[in-house]
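Asker: Got a file for you: input.pdb, PDB, C-alpha atoms, pLDDT in the B column.
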ATOM      1  CA  MET B   1       2.736  -8.840  -7.788  1.00 76.00           C
ATOM      2  CA  SER B   2       1.496  -5.428  -8.843  1.00 94.00           C
ATOM      3  CA  LYS B   3       2.498  -2.217  -7.142  1.00 98.00           C
ATOM      4  CA  TYR B   4      -0.281  -0.038  -5.750  1.00 98.00           C
ATOM      5  CA  VAL B   5      -0.224   3.746  -6.003  1.00 98.00           C
ATOM      6  CA  CYS B   6      -2.147   6.253  -3.920  1.00 98.00           C
ATOM      7  CA  ASP B   7      -4.500   8.153  -6.243  1.00 98.00           C
ATOM      8  CA  MET B   8      -4.179  11.296  -4.130  1.00 98.00           C
ATOM      9  CA  CYS B   9      -0.436  11.748  -3.552  1.00 98.00           C
ATOM     10  CA  GLY B  10       1.367   9.066  -5.558  1.00 98.00           C
ATOM     11  CA  TRP B  11       2.866   7.105  -2.640  1.00 98.00           C
ATOM     12  CA  GLU B  12       3.607   3.602  -3.857  1.00 98.00           C
ATOM     13  CA  TYR B  13       3.202   0.257  -2.089  1.00 98.00           C
ATOM     14  CA  ASP B  14       5.476  -2.429  -3.522  1.00 98.00           C
ATOM     15  CA  PRO B  15       4.607  -5.878  -2.147  1.00 97.00           C
ATOM     16  CA  ALA B  16       8.201  -7.030  -2.661  1.00 98.00           C
ATOM     17  CA  GLU B  17       9.413  -4.300  -0.284  1.00 98.00           C
ATOM     18  CA  GLY B  18       6.427  -4.204   2.061  1.00 98.00           C
ATOM     19  CA  TYR B  19       6.131  -1.262   4.434  1.00 98.00           C
ATOM     20  CA  PRO B  20       8.284  -2.195   7.447  1.00 97.00           C
ATOM     21  CA  GLU B  21       7.764   1.233   9.053  1.00 96.00           C
ATOM     22  CA  GLY B  22       4.055   0.415   9.193  1.00 96.00           C
ATOM     23  CA  GLY B  23       4.499  -3.175  10.326  1.00 96.00           C
ATOM     24  CA  ILE B  24       3.943  -4.745   6.905  1.00 97.00           C
ATOM     25  CA  GLU B  25       6.572  -7.334   6.051  1.00 98.00           C
ATOM     26  CA  PRO B  26       8.179  -7.633   2.595  1.00 98.00           C
ATOM     27  CA  GLY B  27       6.300 -10.081   0.408  1.00 98.00           C
ATOM     28  CA  THR B  28       2.876  -9.107   1.784  1.00 98.00           C
ATOM     29  CA  PRO B  29       0.347  -8.968  -1.072  1.00 97.00           C
ATOM     30  CA  TRP B  30      -2.030  -6.009  -1.250  1.00 97.00           C
ATOM     31  CA  GLU B  31      -4.979  -8.293  -0.567  1.00 96.00           C
ATOM     32  CA  GLU B  32      -3.528  -9.091   2.879  1.00 97.00           C
ATOM     33  CA  ILE B  33      -3.059  -5.450   3.882  1.00 97.00           C
ATOM     34  CA  PRO B  34      -5.632  -4.606   6.605  1.00 96.00           C
ATOM     35  CA  ASP B  35      -8.768  -2.804   5.386  1.00 96.00           C
ATOM     36  CA  ASP B  36      -8.078   0.053   7.812  1.00 97.00           C
ATOM     37  CA  PHE B  37      -4.699   0.794   6.175  1.00 97.00           C
ATOM     38  CA  VAL B  38      -4.189   4.466   5.303  1.00 98.00           C
ATOM     39  CA  CYS B  39      -1.606   6.126   3.100  1.00 98.00           C
ATOM     40  CA  PRO B  40       1.351   7.149   5.275  1.00 97.00           C
ATOM     41  CA  ILE B  41       1.702  10.433   3.374  1.00 98.00           C
ATOM     42  CA  CYS B  42      -1.822  11.796   2.918  1.00 98.00           C
ATOM     43  CA  GLY B  43      -4.015   9.521   5.051  1.00 98.00           C
ATOM     44  CA  VAL B  44      -6.538   8.291   2.471  1.00 98.00           C
ATOM     45  CA  GLY B  45      -7.906   4.764   2.767  1.00 98.00           C
ATOM     46  CA  LYS B  46      -6.930   1.586   0.980  1.00 98.00           C
ATOM     47  CA  ASP B  47      -9.817   2.091  -1.470  1.00 97.00           C
ATOM     48  CA  GLN B  48      -8.023   5.140  -2.880  1.00 98.00           C
ATOM     49  CA  PHE B  49      -5.140   3.083  -4.328  1.00 98.00           C
ATOM     50  CA  SER B  50      -4.851   1.777  -7.883  1.00 98.00           C
ATOM     51  CA  ALA B  51      -2.843  -1.144  -9.232  1.00 97.00           C
ATOM     52  CA  GLU B  52       0.080  -0.087 -11.382  1.00 93.00           C
TER
END
Go ahead and express the file in the form of structure tokens.

Answerer:
Amino acid sequence: MSKYVCDMCGWEYDPAEGYPEGGIEPGTPWEEIPDDFVCPICGVGKDQFSAE
């Protein structure tokens, strides 16, 4: 699984680690992240992330 990086601030989503603080369990692929997800650092939407 690819990691996804916020184009604005560089925060990284790693599917292997998930984002437990945001309620996203480890092993959750990017495609299953809700469409209303926002970067926890800068607040941009899911469409502002790029695969690494």

Asker: Would you be able to write out as a list in words which residues have an atom within 10 Å of (-5.0, 3.2, 2.4) in the file's coordinates, counting all atoms listed in the file?

Answerer: Tyr4, Val5, Cys6, Asp7, Tyr13, Ile33, Pro34, Asp35, Asp36, Phe37, Val38, Cys39, Pro40, Ile41, Cys42, Gly43, Val44, Gly45, Lys46, Asp47, Gln48 and Phe49 of chain B

Asker: What residues have an atom no more than 8 Å from (1.3, -4.8, -9.0) in the file's own frame, counting only C-alpha atoms, and can you write them as a count of residues only?

Answerer: 8

Asker: Work out how far CA of Pro26 (chain B) is from CA of Ser50 (chain B), in Å to one decimal.

Answerer: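 So the answer is 19.2 Å.
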
Asker: Find the distance between CA of Met8 (chain B) and CA of Pro20 (chain B) and write it in Å to one decimal.

Answerer: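 Between these atoms lies a distance of 21.7 Å.
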
Asker: Here's the selection I'm unsure about, the PyMOL selection byres ((chain B and resi 28) around 9); applied to the file above, which residues does it give, as a list in words?

Answerer: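 In the shown coordinates, the PyMOL selection byres ((chain B and resi 28) around 9) covers Asp14, Pro15, Ala16, Glu17, Gly18, Tyr19, Ile24, Glu25, Pro26, Gly27, Pro29, Trp30, Glu31, Glu32 and Ile33 of chain B.
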
Asker: Padding of 8 Å on every side, edges along x, y and z, all listed atoms of region 48-52 of chain B included: what centre and edge lengths in Å, to one decimal, does that box have, as lines of an AutoDock Vina configuration file?

Answerer:
center_x = -4.0
center_y = 2.0
center_z = -7.1
size_x = 24.1
size_y = 22.3
size_z = 24.5
